[in-house]
Amino acid sequence: MNLKRLIPHSVKTRYAIRKESSQLKQVPKATCDVGNLKTLTAADLYQIFNSETITSDWNGLTPLREEFKLPNLKGGVNPGDQRAIYHLLKGLEAQSVLEIGTHIGSSTAHISLALRDQPHPKLITVDIKDVNDPHSKPWIALNSQYSPKELVDKVGGSAFVDFKVMPSLDFMRNCQDKFDFIFLDGDHRAFTVYQEIPVALKLLNPGGVILLHDHFPENVPLWSDGKVSPGTFLATQRLKNEGHSLDILPLGELPWGTKLNSNVTSLALVTAANSH
């Protein structure tokens with residue numbers, strides 16, 4: 001018997017918060033330059049997510065998206081989040097994207113879909129593991145039929161998608177490129193996210209956007225399973241408490257389903273303070 005399964009999620013969350021808070025305290029205070037960060041409001045998100053044009057584009061892609069045969073609840077972003085990311089990228093007319101955390105490629109494939117009609121598309125996706133390793137085939141163990149690279153090939157994105165294998169901070173600290181949109185979905189531990197956001201801010205083009213995954217406001221469960229990943233909230237709360245002029249805008253409830261019979265998402269935008 002797996003005794004861990006008998007421990008209530010509320011107990012697991014309290015333990016995780018204590019552990020990650022302790023680790024976070026060991027990280028030196030960061031500096032943040034939000035000068036290139038785009039200001040977005042809940043009204044802006046409403047327009048993007050209810051856009052008839054983007055909705056029509058999305059619906060037209062249904063046959064292709066069905067070819068991905070992506071498994072659900074295997075660590076990749078859920079189908080509702082996949083659509084939210086697509087809408088955001090199309091609505092913001094992003095051309096260059098940095099993704100931290102490739103995993104099985106569920107977000108990678110949909111980012112590629114959103115970018116492929118842009119004049120100068122670029123996607124760099126970074127993971128600490130070789131997600132396309134032809135020998136170990138890590139996607140098979142997660143019940144995915146295709147590697148992330150194969151998914152990108154289905155989209156026709158091989159010419160503008162670049163896979164990198166290295167720790168996120170190592171890549172971002174040495175990256176010379178700039179991006180319109182950065183999706184942080186790698187190591188969700190507080191001490192990592194706290195360091196990733198300031199570095200990501202430096203890599204933004206003017207009017208750029210940072211999107212976070214697994215943000216649980218006040219570390220309260222979002223779904224009926226009671227699970228919480230506390231790292232992103234702890235990291236962003238420390239940044240705000242230190243007086244950095246940024247805020248977090250949760251996407252909240254989407255106009256379509258996400259998971260566990262709800263419309264709720266854990267996606268959240270980093271935005272300029274007092275912008276909503």
# chains A, B, ... in the order shown; residues from 1 in each chain; ligands from 1
call {"tool": "residues_around", "arguments": {"residues": "A:Lys129", "least_positions_apart": "4", "cutoff": "10 Å", "atoms": "only C-alpha atoms", "output": "list in words"}}
result
Gly101, Thr102, His103, Asp133, Pro138, Lys164, Val165, Met166 and Pro167 of chain A
call {"tool": "residues_around", "arguments": {"residues": "stretch 185-198 of chain A", "least_positions_apart": "4", "cutoff": "9 Å", "atoms": "only C-alpha atoms", "output": "ChimeraX atom specification"}}
result
/A:20-21,23-27,30-34,99-103,126-128,168-169,172,202,210-214,229-236,238-239,270
call {"tool": "write_last_selection", "arguments": {"atoms": "C-alpha atoms", "output": "PDB file, in the first residue's frame"}}
result
ATOM      1  CA  GLU A  20       9.504  25.760  -0.186  1.00  0.00           C
ATOM      2  CA  SER A  21       9.293  28.859   2.006  1.00  0.00           C
ATOM      3  CA  GLN A  23      14.267  27.161   0.493  1.00  0.00           C
ATOM      4  CA  LEU A  24      13.049  30.492  -0.881  1.00  0.00           C
ATOM      5  CA  LYS A  25      14.512  32.400   2.067  1.00  0.00           C
ATOM      6  CA  GLN A  26      17.977  31.230   1.030  1.00  0.00           C
ATOM      7  CA  VAL A  27      17.771  33.010  -2.349  1.00  0.00           C
ATOM      8  CA  ALA A  30      16.205  39.859  -6.859  1.00  0.00           C
ATOM      9  CA  THR A  31      15.988  43.010  -8.939  1.00  0.00           C
ATOM     10  CA  CYS A  32      13.231  43.402 -11.515  1.00  0.00           C
ATOM     11  CA  ASP A  33      12.996  45.700 -14.524  1.00  0.00           C
ATOM     12  CA  VAL A  34       9.372  45.752 -15.698  1.00  0.00           C
ATOM     13  CA  GLU A  99       8.808  28.233 -23.480  1.00  0.00           C
ATOM     14  CA  ILE A 100      10.381  26.899 -20.293  1.00  0.00           C
ATOM     15  CA  GLY A 101       9.316  23.284 -19.776  1.00  0.00           C
ATOM     16  CA  THR A 102       8.636  21.309 -22.952  1.00  0.00           C
ATOM     17  CA  HIS A 103       7.559  18.031 -21.295  1.00  0.00           C
ATOM     18  CA  VAL A 126      13.729  24.529 -23.115  1.00  0.00           C
ATOM     19  CA  ASP A 127      13.673  21.439 -20.929  1.00  0.00           C
ATOM     20  CA  ILE A 128      16.194  19.948 -18.526  1.00  0.00           C
ATOM     21  CA  SER A 168      16.080  27.089 -17.464  1.00  0.00           C
ATOM     22  CA  LEU A 169      18.207  29.591 -15.556  1.00  0.00           C
ATOM     23  CA  MET A 172      17.952  32.417 -19.839  1.00  0.00           C
ATOM     24  CA  LYS A 202      15.197  41.035 -19.211  1.00  0.00           C
ATOM     25  CA  ILE A 210       5.090  36.502 -19.187  1.00  0.00           C
ATOM     26  CA  LEU A 211       2.643  33.662 -18.551  1.00  0.00           C
ATOM     27  CA  LEU A 212       2.859  31.405 -15.485  1.00  0.00           C
ATOM     28  CA  HIS A 213       1.442  27.923 -15.005  1.00  0.00           C
ATOM     29  CA  ASP A 214       0.317  26.340 -11.732  1.00  0.00           C
ATOM     30  CA  SER A 229       1.425  23.483  -6.180  1.00  0.00           C
ATOM     31  CA  PRO A 230       2.585  26.306  -3.877  1.00  0.00           C
ATOM     32  CA  GLY A 231       5.826  27.416  -5.517  1.00  0.00           C
ATOM     33  CA  THR A 232       4.584  29.966  -8.052  1.00  0.00           C
ATOM     34  CA  PHE A 233       2.417  31.836  -5.546  1.00  0.00           C
ATOM     35  CA  LEU A 234       5.173  31.892  -2.926  1.00  0.00           C
ATOM     36  CA  ALA A 235       7.694  33.218  -5.465  1.00  0.00           C
ATOM     37  CA  THR A 236       5.449  35.940  -6.873  1.00  0.00           C
ATOM     38  CA  ARG A 238       7.828  37.502  -2.276  1.00  0.00           C
ATOM     39  CA  LEU A 239       8.537  39.624  -5.354  1.00  0.00           C
ATOM     40  CA  VAL A 270       2.771  38.766 -14.834  1.00  0.00           C
TER      41      VAL A 270
END
call {"tool": "select_by_dssp", "arguments": {"residues": "stretch 25-138 of chain A", "states": "strand (DSSP E or B)", "output": "list in words"}}
result
Leu37, Ser96, Val97, Leu98, Glu99, Ile100, Lys122, Leu123, Ile124, Thr125, Val126 and Asp127 of chain A
call {"tool": "closest_residue", "arguments": {"among": "A:Val228, A:Val155, A:Val161, A:Leu222", "to": "A:Pro250", "atoms": "only C-alpha atoms"}}
result
A:Leu222
call {"tool": "closest_atom_pairs", "arguments": {"of": "stretch 122-190 of chain A", "to": "stretch 53-67 of chain A", "cutoff": "10 Å", "atoms": "only C-alpha atoms", "output": "JSON lines"}}
result
{"residue": "A:Gln145", "atom": "CA", "partner": "A:Glu67", "partner_atom": "CA", "distance": 9.9}
{"residue": "A:Tyr146", "atom": "CA", "partner": "A:Glu67", "partner_atom": "CA", "distance": 9.8}
{"residue": "A:Leu151", "atom": "CA", "partner": "A:Glu67", "partner_atom": "CA", "distance": 8.9}
{"residue": "A:Lys154", "atom": "CA", "partner": "A:Leu64", "partner_atom": "CA", "distance": 8.0}
{"residue": "A:Val155", "atom": "CA", "partner": "A:Leu64", "partner_atom": "CA", "distance": 7.8}
call {"tool": "atom_distance", "arguments": {"atom1": "atom CA of A:Leu204", "atom2": "atom CA of A:Phe179"}}
result
5.0 Å
call {"tool": "residues_around", "arguments": {"residues": "stretch 253-255 of chain A", "least_positions_apart": "6", "cutoff": "12 Å", "atoms": "only C-alpha atoms", "output": "number ranges by chain"}}
result
A: 42, 45-51, 55, 79-85, 87, 222-223, 262-268
call {"tool": "write_last_selection", "arguments": {"atoms": "N, CA and C atoms", "output": "PDB file, in the first residue's frame"}}
result
ATOM      1  N   ALA A  42      -8.257  42.446 -16.982  1.00  0.00           N
ATOM      2  CA  ALA A  42      -9.270  41.403 -17.135  1.00  0.00           C
ATOM      3  C   ALA A  42     -10.150  41.684 -18.352  1.00  0.00           C
ATOM      4  N   LEU A  45      -8.390  40.426 -21.412  1.00  0.00           N
ATOM      5  CA  LEU A  45      -8.479  38.975 -21.506  1.00  0.00           C
ATOM      6  C   LEU A  45      -9.858  38.548 -22.005  1.00  0.00           C
ATOM      7  N   TYR A  46     -10.888  39.231 -21.541  1.00  0.00           N
ATOM      8  CA  TYR A  46     -12.246  38.898 -21.983  1.00  0.00           C
ATOM      9  C   TYR A  46     -12.355  39.037 -23.494  1.00  0.00           C
ATOM     10  N   GLN A  47     -11.822  40.114 -24.033  1.00  0.00           N
ATOM     11  CA  GLN A  47     -11.891  40.334 -25.479  1.00  0.00           C
ATOM     12  C   GLN A  47     -11.126  39.255 -26.242  1.00  0.00           C
ATOM     13  N   ILE A  48      -9.953  38.891 -25.722  1.00  0.00           N
ATOM     14  CA  ILE A  48      -9.142  37.875 -26.397  1.00  0.00           C
ATOM     15  C   ILE A  48      -9.830  36.520 -26.373  1.00  0.00           C
ATOM     16  N   PHE A  49     -10.337  36.129 -25.216  1.00  0.00           N
ATOM     17  CA  PHE A  49     -10.911  34.800 -25.085  1.00  0.00           C
ATOM     18  C   PHE A  49     -12.291  34.678 -25.738  1.00  0.00           C
ATOM     19  N   ASN A  50     -12.934  35.811 -26.016  1.00  0.00           N
ATOM     20  CA  ASN A  50     -14.242  35.783 -26.665  1.00  0.00           C
ATOM     21  C   ASN A  50     -14.191  36.291 -28.105  1.00  0.00           C
ATOM     22  N   SER A  51     -12.990  36.376 -28.645  1.00  0.00           N
ATOM     23  CA  SER A  51     -12.830  36.825 -30.019  1.00  0.00           C
ATOM     24  C   SER A  51     -13.448  35.814 -30.992  1.00  0.00           C
ATOM     25  N   THR A  55     -11.723  32.303 -32.254  1.00  0.00           N
ATOM     26  CA  THR A  55     -12.541  31.100 -32.043  1.00  0.00           C
ATOM     27  C   THR A  55     -12.751  30.350 -33.348  1.00  0.00           C
ATOM     28  N   PRO A  79      -6.409  20.547 -21.962  1.00  0.00           N
ATOM     29  CA  PRO A  79      -6.948  21.059 -23.232  1.00  0.00           C
ATOM     30  C   PRO A  79      -7.453  22.497 -23.154  1.00  0.00           C
ATOM     31  N   GLY A  80      -8.062  22.873 -22.037  1.00  0.00           N
ATOM     32  CA  GLY A  80      -8.537  24.243 -21.899  1.00  0.00           C
ATOM     33  C   GLY A  80      -7.400  25.242 -21.850  1.00  0.00           C
ATOM     34  N   ASP A  81      -6.311  24.878 -21.185  1.00  0.00           N
ATOM     35  CA  ASP A  81      -5.130  25.742 -21.134  1.00  0.00           C
ATOM     36  C   ASP A  81      -4.455  25.834 -22.504  1.00  0.00           C
ATOM     37  N   GLN A  82      -4.467  24.729 -23.244  1.00  0.00           N
ATOM     38  CA  GLN A  82      -3.913  24.748 -24.594  1.00  0.00           C
ATOM     39  C   GLN A  82      -4.629  25.794 -25.436  1.00  0.00           C
ATOM     40  N   ARG A  83      -5.941  25.823 -25.313  1.00  0.00           N
ATOM     41  CA  ARG A  83      -6.725  26.804 -26.071  1.00  0.00           C
ATOM     42  C   ARG A  83      -6.463  28.225 -25.567  1.00  0.00           C
ATOM     43  N   ALA A  84      -6.338  28.399 -24.260  1.00  0.00           N
ATOM     44  CA  ALA A  84      -6.076  29.726 -23.695  1.00  0.00           C
ATOM     45  C   ALA A  84      -4.754  30.284 -24.221  1.00  0.00           C
ATOM     46  N   ILE A  85      -3.735  29.438 -24.279  1.00  0.00           N
ATOM     47  CA  ILE A  85      -2.436  29.876 -24.784  1.00  0.00           C
ATOM     48  C   ILE A  85      -2.539  30.260 -26.252  1.00  0.00           C
ATOM     49  N   HIS A  87      -5.221  31.354 -27.843  1.00  0.00           N
ATOM     50  CA  HIS A  87      -5.948  32.619 -27.911  1.00  0.00           C
ATOM     51  C   HIS A  87      -5.049  33.793 -27.531  1.00  0.00           C
ATOM     52  N   LEU A 222      -7.730  24.951  -6.563  1.00  0.00           N
ATOM     53  CA  LEU A 222      -8.586  25.454  -7.633  1.00  0.00           C
ATOM     54  C   LEU A 222      -9.593  24.412  -8.096  1.00  0.00           C
ATOM     55  N   TRP A 223      -9.303  23.143  -7.837  1.00  0.00           N
ATOM     56  CA  TRP A 223     -10.156  22.072  -8.331  1.00  0.00           C
ATOM     57  C   TRP A 223     -10.582  21.135  -7.200  1.00  0.00           C
ATOM     58  N   SER A 262     -14.539  21.561 -14.785  1.00  0.00           N
ATOM     59  CA  SER A 262     -14.545  22.987 -14.447  1.00  0.00           C
ATOM     60  C   SER A 262     -13.995  23.805 -15.605  1.00  0.00           C
ATOM     61  N   ASN A 263     -14.133  25.116 -15.491  1.00  0.00           N
ATOM     62  CA  ASN A 263     -13.572  26.056 -16.462  1.00  0.00           C
ATOM     63  C   ASN A 263     -12.367  26.799 -15.877  1.00  0.00           C
ATOM     64  N   VAL A 264     -11.924  26.386 -14.712  1.00  0.00           N
ATOM     65  CA  VAL A 264     -10.880  27.108 -13.989  1.00  0.00           C
ATOM     66  C   VAL A 264      -9.503  26.763 -14.541  1.00  0.00           C
ATOM     67  N   THR A 265      -8.637  27.764 -14.585  1.00  0.00           N
ATOM     68  CA  THR A 265      -7.263  27.554 -15.021  1.00  0.00           C
ATOM     69  C   THR A 265      -6.291  28.065 -13.968  1.00  0.00           C
ATOM     70  N   SER A 266      -5.107  27.471 -13.922  1.00  0.00           N
ATOM     71  CA  SER A 266      -4.040  27.948 -13.034  1.00  0.00           C
ATOM     72  C   SER A 266      -3.080  28.863 -13.764  1.00  0.00           C
ATOM     73  N   LEU A 267      -3.403  29.207 -15.010  1.00  0.00           N
ATOM     74  CA  LEU A 267      -2.568  30.149 -15.762  1.00  0.00           C
ATOM     75  C   LEU A 267      -2.728  31.562 -15.191  1.00  0.00           C
ATOM     76  N   ALA A 268      -1.638  32.299 -15.179  1.00  0.00           N
ATOM     77  CA  ALA A 268      -1.677  33.673 -14.677  1.00  0.00           C
ATOM     78  C   ALA A 268      -0.618  34.511 -15.398  1.00  0.00           C
TER      79      ALA A 268
END
call {"tool": "closest_residue", "arguments": {"among": "A:Asp225, A:Asp162, A:Glu242, A:Asp170", "to": "A:Leu98", "atoms": "only C-alpha atoms"}}
result
A:Asp162
call {"tool": "closest_residue", "arguments": {"among": "A:Ile111, A:Ala43, A:Leu260, A:Leu249", "to": "A:Ala273", "atoms": "only C-alpha atoms"}}
result
A:Leu249
call {"tool": "select_by_dssp", "arguments": {"residues": "stretch 48-227 of chain A", "states": "helix (DSSP H, G or I)", "output": "ChimeraX atom specification"}}
result
/A:48-49,52-60,62-68,79-92,106-115,138-141,148-155,168-174,190-202,217-219
call {"tool": "closest_residue", "arguments": {"among": "A:Asn241, A:Asn72, A:Gln176, A:Ser112", "to": "A:Val97", "atoms": "only C-alpha atoms"}}
result
A:Ser112
call {"tool": "atom_distance", "arguments": {"atom1": "atom CA of A:Ser158", "atom2": "atom CA of A:Gln118"}}
result
14.3 Å
call {"tool": "residues_around", "arguments": {"residues": "A:Gly105", "least_positions_apart": "2", "cutoff": "8 Å", "atoms": "only C-alpha atoms", "output": "PyMOL selection string"}}
result
chain A and resi 76+102-103+107-109+147-149+151
call {"tool": "closest_residue", "arguments": {"among": "A:Ile248, A:Leu6, A:Ile182, A:Ile104", "to": "A:Phe68", "atoms": "only C-alpha atoms"}}
result
A:Ile104
